[in-house]
Amino acid sequence: MKYSWIFGGLLLLGFLFRLPGLFWGAAELRTFTYSHWQPDENQHAEIARLVLPDWDTTYPRDDLAYLVFNARGYGYQLAALAWGIRQLGLAEMNHTQLIFLGRGLSLFYGLLIILFWCGIARQLKLSPAAVYSGGILVAGTDLMVTYSTYAIPEMAYLAWCLIAIYCYLRGNAGYWSWLMAAAGAAGMVLALKMDFVFAAWLIGVSAWSFHRQPGRVAIVGAGMLVMVVGALWASHGGSLTPSSWWETFQGLRERNQDLIVHDHHGWSNPLVYALALLGTFGLGAFLVGISGWWSILRTETSQGWRAIFLLLLLTFGVIWLLDAPFVRRTLLLVPLLALGAAYFLGQWNARGGKWSWAAGGIVVYTLLISLGQRVNVMIDPRYQARDFLLAQADSTGLPETFLSAYATTVGLPEPPGANRDSAMLLVIHEARYGRYGKSFTTPFNPEPACCDEVYHCANEAECQWYQALQQASNGQYALWRTFPTREWAPERVLFKHLLGSYETFLGDVQVWRRKGE
């Protein structure tokens, strides 16, 4: 099979899987703006709104609702695209439009990831069948698809990581220009996520390519460091200063270190991240990924394979040490594990017969898990809850209704609606109530202490109120209906049983009504 056909087929598959997510919660985003379903998108749209008035004096310099603290590389990219659109007179690029633009940008990066992953696989001399099998995993795995439809920097970060790895593989035979290009890509990684570990890994393994020429090691290392800093500065429109960089870094460090006062991430993180990878790959692809890396370490001697395995270990080590676990922290592990799976599945395909069928079955199973989540995206439980409530309403409309954060739906009151202690109905979303009970951030601890064991605890009163509601010890309300996400795969059913819904902002909706009503 020609590589052009492989690349074209994988890009088409990736695009079709990602397309529905671009319009997820679109009506709510247009209507409520800030109170839509993926609040992290607001941060990066506001960074763009902060930058645009400096480039375009006609763009309004509004007060921002959020304190901008995130890494600003993605926001600058959004601002550059928005500036071009405004110059062409195509749109004014308000907050809502910036978020839709960001979703499109993430989709672009998601497709770019597929291309560069295939390029990496070819540089590692995988067979066309192996590239195709592993490429399908990268194109269609649920975690990769979902985050390709959010206006946040995850896919941009991952794309630049893979671009850097690809350039490194081209350059580790002694081609300096490719190594400098890899360093420039690492500068973009820093701009998007401040991932110092990745930049250090890249410079270290690149310098090692010249370890038999000590004089060149220092030259290569220094040159790459200059390229990293230069790309970082350029990614911020040439306006980056040490003080602004340090301020952003400090803000991110404070929000990503010791987020949960009392936790047990030392033993729980490996388990929850293994469950996260199982939930996106399926058991078959997960096991062949691990088996593939075992075979690689036993049989392959190239520096490229060894360097990528070191990156895999470093990435896992970093997320192990962070106390607040999120499914998205495993994103860089997905394409790296897919390389191992591709290596193993390529061997099966080479055997032909039943082995080829087995390899195909593993890949199809992963796609079916992802398709199940696409159904959840297109038929969100919030819409089911809304339709149920409106069908129950009389001619005067709904009684007093309280809506939790993330329960915003066109057709229902905007949160919070009525007071939660006096409302006749409660509509609550798992992204809110789950953090005080069963969730990925409170693993294996369904009754965390308020607020010492809770991530982003609003206050003790709210924590205790939600816990009492879920434990049926709140005497005022009775659960009327639950509208769950649909899960059929055993890996996802297990994940939901232990840790709640797989995707934070795509979870169950509960409707409670006051007793006696």
# chains A, B, ... in the order shown; residues from 1 in each chain; ligands from 1
call {"tool": "select_by_dssp", "arguments": {"residues": "region 275-332 of chain A", "states": "helix (DSSP H, G or I)", "output": "JSON, numbers by chain"}}
result
{"A": [275, 276, 277, 278, 279, 280, 281, 283, 284, 285, 286, 287, 288, 289, 290, 291, 292, 293, 294, 295, 296, 297, 298, 299, 303, 304, 305, 306, 307, 308, 309, 310, 311, 312, 313, 314, 315, 316, 317, 318, 319, 320, 321, 327, 328, 329, 330]}
call {"tool": "write_last_selection", "arguments": {"atoms": "C-alpha atoms", "output": "CSV table (one decimal), in the first residue's frame"}}
result
chain,number,residue,atom,x,y,z
A,275,LEU,CA,-7.2,2.9,33.7
A,276,ALA,CA,-7.3,6.1,31.6
A,277,LEU,CA,-5.1,4.4,28.9
A,278,LEU,CA,-7.2,1.3,29.1
A,279,GLY,CA,-10.4,3.4,28.7
A,280,THR,CA,-9.1,5.1,25.5
A,281,PHE,CA,-7.3,2.2,23.8
A,283,LEU,CA,-7.5,-3.8,26.7
A,284,GLY,CA,-6.2,-5.3,23.4
A,285,ALA,CA,-4.4,-2.2,22.1
A,286,PHE,CA,-3.1,-1.4,25.5
A,287,LEU,CA,-1.5,-4.8,25.9
A,288,VAL,CA,0.0,-4.9,22.4
A,289,GLY,CA,1.4,-1.4,23.1
A,290,ILE,CA,3.2,-2.6,26.2
A,291,SER,CA,4.2,-5.9,24.5
A,292,GLY,CA,5.5,-3.9,21.5
A,293,TRP,CA,7.7,-1.8,23.7
A,294,TRP,CA,9.0,-4.9,25.4
A,295,SER,CA,9.9,-6.4,22.0
A,296,ILE,CA,11.5,-3.1,20.9
A,297,LEU,CA,13.8,-2.9,24.0
A,298,ARG,CA,14.9,-6.5,23.4
A,299,THR,CA,15.5,-6.4,19.7
A,303,GLN,CA,19.2,5.5,19.4
A,304,GLY,CA,15.8,6.7,18.1
A,305,TRP,CA,13.9,4.0,19.8
A,306,ARG,CA,15.9,4.3,23.0
A,307,ALA,CA,15.4,8.0,23.2
A,308,ILE,CA,11.6,7.8,22.7
A,309,PHE,CA,11.4,5.1,25.4
A,310,LEU,CA,13.2,7.5,27.7
A,311,LEU,CA,10.7,10.2,26.9
A,312,LEU,CA,7.9,7.7,27.7
A,313,LEU,CA,9.4,7.0,31.1
A,314,LEU,CA,10.0,10.7,31.9
A,315,THR,CA,6.4,11.6,30.9
A,316,PHE,CA,5.0,8.9,33.1
A,317,GLY,CA,7.2,9.9,35.9
A,318,VAL,CA,6.1,13.5,35.8
A,319,ILE,CA,2.4,12.7,35.8
A,320,TRP,CA,3.0,10.2,38.6
A,321,LEU,CA,4.4,13.0,40.8
A,327,VAL,CA,-7.1,12.0,32.0
A,328,ARG,CA,-5.6,14.6,29.6
A,329,ARG,CA,-2.2,14.2,31.3
A,330,THR,CA,-1.8,10.9,29.5
call {"tool": "residues_around", "arguments": {"residues": "region 107-111 of chain A", "least_positions_apart": "5", "cutoff": "8 Å", "atoms": "only C-alpha atoms", "output": "list in words"}}
result
Leu11, Gly14, Phe15, Arg18, Ala139, Met144, Val145, Ser148, Thr149, Met155, Ala156 and Ala159 of chain A
call {"tool": "residues_around", "arguments": {"residues": "region 479-483 of chain A", "least_positions_apart": "5", "cutoff": "10 Å", "atoms": "only C-alpha atoms", "output": "number ranges by chain"}}
result
A: 380-385, 388-389, 425-429, 469-470, 472, 507-515
call {"tool": "write_last_selection", "arguments": {"atoms": "N, CA, C and O atoms", "output": "compact mmCIF listing (two decimals), in the first residue's frame"}}
result
# COMPACT_ATOMS: atom_id res chain seq x y z
N ASP A 380 -25.99 14.63 24.09
CA ASP A 380 -25.49 14.92 25.43
C ASP A 380 -26.59 14.71 26.47
O ASP A 380 -27.76 15.08 26.24
N PRO A 381 -26.25 14.12 27.63
CA PRO A 381 -27.27 13.91 28.68
C PRO A 381 -27.97 15.20 29.11
O PRO A 381 -29.11 15.14 29.59
N ARG A 382 -27.32 16.36 28.96
CA ARG A 382 -27.98 17.62 29.33
C ARG A 382 -29.23 17.84 28.50
O ARG A 382 -30.23 18.35 29.01
N TYR A 383 -29.16 17.50 27.22
CA TYR A 383 -30.34 17.67 26.36
C TYR A 383 -31.44 16.69 26.74
O TYR A 383 -32.63 17.03 26.69
N GLN A 384 -31.05 15.50 27.13
CA GLN A 384 -32.06 14.53 27.55
C GLN A 384 -32.76 15.00 28.82
O GLN A 384 -33.99 14.89 28.94
N ALA A 385 -31.98 15.54 29.76
CA ALA A 385 -32.59 16.05 31.00
C ALA A 385 -33.51 17.22 30.70
O ALA A 385 -34.63 17.32 31.25
N PHE A 388 -36.75 16.01 29.09
CA PHE A 388 -37.59 15.35 30.10
C PHE A 388 -38.32 16.38 30.96
O PHE A 388 -39.53 16.27 31.19
N LEU A 389 -37.60 17.39 31.43
CA LEU A 389 -38.21 18.40 32.30
C LEU A 389 -39.27 19.21 31.57
O LEU A 389 -40.34 19.49 32.11
N LEU A 425 -36.90 21.94 42.04
CA LEU A 425 -36.14 20.97 41.24
C LEU A 425 -34.65 21.31 41.29
O LEU A 425 -34.27 22.48 41.34
N LEU A 426 -33.82 20.27 41.25
CA LEU A 426 -32.37 20.44 41.15
C LEU A 426 -31.91 19.72 39.88
O LEU A 426 -32.26 18.55 39.67
N VAL A 427 -31.14 20.42 39.06
CA VAL A 427 -30.52 19.79 37.89
C VAL A 427 -29.02 19.94 38.08
O VAL A 427 -28.49 21.06 38.03
N ILE A 428 -28.33 18.83 38.30
CA ILE A 428 -26.91 18.92 38.65
C ILE A 428 -26.10 18.03 37.71
O ILE A 428 -26.53 16.95 37.30
N HIS A 429 -24.91 18.52 37.37
CA HIS A 429 -24.04 17.82 36.43
C HIS A 429 -22.89 17.17 37.17
O HIS A 429 -22.37 17.70 38.16
N LEU A 469 -26.48 15.13 49.46
CA LEU A 469 -27.43 14.81 48.40
C LEU A 469 -27.12 13.43 47.81
O LEU A 469 -28.03 12.60 47.64
N GLN A 470 -25.86 13.17 47.50
CA GLN A 470 -25.49 11.90 46.88
C GLN A 470 -25.62 10.72 47.84
O GLN A 470 -25.86 9.59 47.42
N ALA A 472 -27.94 10.47 50.01
CA ALA A 472 -29.36 10.38 50.37
C ALA A 472 -29.62 10.77 51.82
O ALA A 472 -30.59 10.33 52.44
N GLY A 507 -20.49 14.28 31.36
CA GLY A 507 -20.86 13.31 32.38
C GLY A 507 -22.36 13.19 32.56
O GLY A 507 -23.15 13.69 31.77
N ASP A 508 -22.74 12.52 33.63
CA ASP A 508 -24.15 12.28 33.92
C ASP A 508 -24.84 13.56 34.39
O ASP A 508 -24.20 14.48 34.92
N VAL A 509 -26.15 13.58 34.22
CA VAL A 509 -26.99 14.66 34.74
C VAL A 509 -28.04 14.03 35.65
O VAL A 509 -28.70 13.06 35.26
N GLN A 510 -28.19 14.58 36.83
CA GLN A 510 -29.21 14.12 37.77
C GLN A 510 -30.29 15.18 37.94
O GLN A 510 -29.98 16.38 38.00
N VAL A 511 -31.53 14.72 38.05
CA VAL A 511 -32.66 15.60 38.34
C VAL A 511 -33.26 15.17 39.67
O VAL A 511 -33.67 14.01 39.83
N TRP A 512 -33.29 16.09 40.60
CA TRP A 512 -33.85 15.84 41.93
C TRP A 512 -35.08 16.73 42.11
O TRP A 512 -35.14 17.83 41.57
N ARG A 513 -36.05 16.23 42.87
CA ARG A 513 -37.22 17.08 43.17
C ARG A 513 -37.50 17.05 44.67
O ARG A 513 -37.20 16.08 45.37
N ARG A 514 -38.07 18.15 45.10
CA ARG A 514 -38.36 18.29 46.52
C ARG A 514 -39.38 17.24 46.95
O ARG A 514 -40.35 16.98 46.25
N LYS A 515 -39.15 16.62 48.08
CA LYS A 515 -40.05 15.58 48.57
C LYS A 515 -41.42 16.17 48.85
O LYS A 515 -41.55 17.29 49.34
call {"tool": "atom_distance", "arguments": {"atom1": "CA of Val205 (chain A)", "atom2": "CA of Trp178 (chain A)"}}
result
13.5 Å
call {"tool": "residues_around", "arguments": {"residues": "region 83-96 of chain A", "least_positions_apart": "5", "cutoff": "8 Å", "atoms": "only C-alpha atoms", "output": "PyMOL selection string"}}
result
chain A and resi 29-30+33+42+45-46+49+52+55-56
call {"tool": "closest_residue", "arguments": {"among": "A:Ile163, A:Ala341, A:Ala222, A:Cys451", "to": "Val131 (chain A)", "atoms": "only C-alpha atoms"}}
result
A:Ala341
call {"tool": "residues_around", "arguments": {"residues": "region 402-409 of chain A", "least_positions_apart": "3", "cutoff": "8 Å", "atoms": "only C-alpha atoms", "output": "VMD selection string"}}
result
chain A and resid 28 35 to 37 382 to 383 386 412 to 420 423 to 429 431 to 432 505 509
call {"tool": "residues_around", "arguments": {"residues": "Leu345 (chain A)", "least_positions_apart": "5", "cutoff": "9 Å", "atoms": "only C-alpha atoms", "output": "PyMOL selection string"}}
result
chain A and resi 129-130+133-134+288-289+292+340+350+355-356+358-360
call {"tool": "atom_distance", "arguments": {"atom1": "CA of Gly104 (chain A)", "atom2": "CA of Tyr59 (chain A)"}}
result
21.6 Å
call {"tool": "residues_around", "arguments": {"residues": "Gly437 (chain A)", "least_positions_apart": "5", "cutoff": "12 Å", "atoms": "only C-alpha atoms", "output": "ChimeraX atom specification"}}
result
/A:430-432,442-451,453-455,457,463-471,498-500
call {"tool": "closest_residue", "arguments": {"among": "A:Leu19, A:Ala324, A:Leu252, A:Asn376", "to": "His456 (chain A)", "atoms": "only C-alpha atoms"}}
result
A:Ala324
call {"tool": "select_by_dssp", "arguments": {"residues": "region 398-469 of chain A", "states": "strand (DSSP E or B)", "output": "VMD selection string"}}
result
chain A and resid 401 to 403 410 412 417 425 to 429
call {"tool": "write_last_selection", "arguments": {"atoms": "C-alpha atoms", "output": "PDB file, in the first residue's frame"}}
result
ATOM      1  CA  THR A 401     -35.236  25.143  39.376  1.00  0.00           C
ATOM      2  CA  PHE A 402     -31.635  25.176  40.580  1.00  0.00           C
ATOM      3  CA  LEU A 403     -28.945  24.342  38.027  1.00  0.00           C
ATOM      4  CA  VAL A 410     -30.743  26.349  26.276  1.00  0.00           C
ATOM      5  CA  LEU A 412     -33.610  25.885  31.072  1.00  0.00           C
ATOM      6  CA  GLY A 417     -31.431  29.711  38.780  1.00  0.00           C
ATOM      7  CA  LEU A 425     -36.136  20.973  41.241  1.00  0.00           C
ATOM      8  CA  LEU A 426     -32.371  20.438  41.147  1.00  0.00           C
ATOM      9  CA  VAL A 427     -30.521  19.790  37.890  1.00  0.00           C
ATOM     10  CA  ILE A 428     -26.912  18.916  38.652  1.00  0.00           C
ATOM     11  CA  HIS A 429     -24.042  17.817  36.428  1.00  0.00           C
TER      12      HIS A 429
END
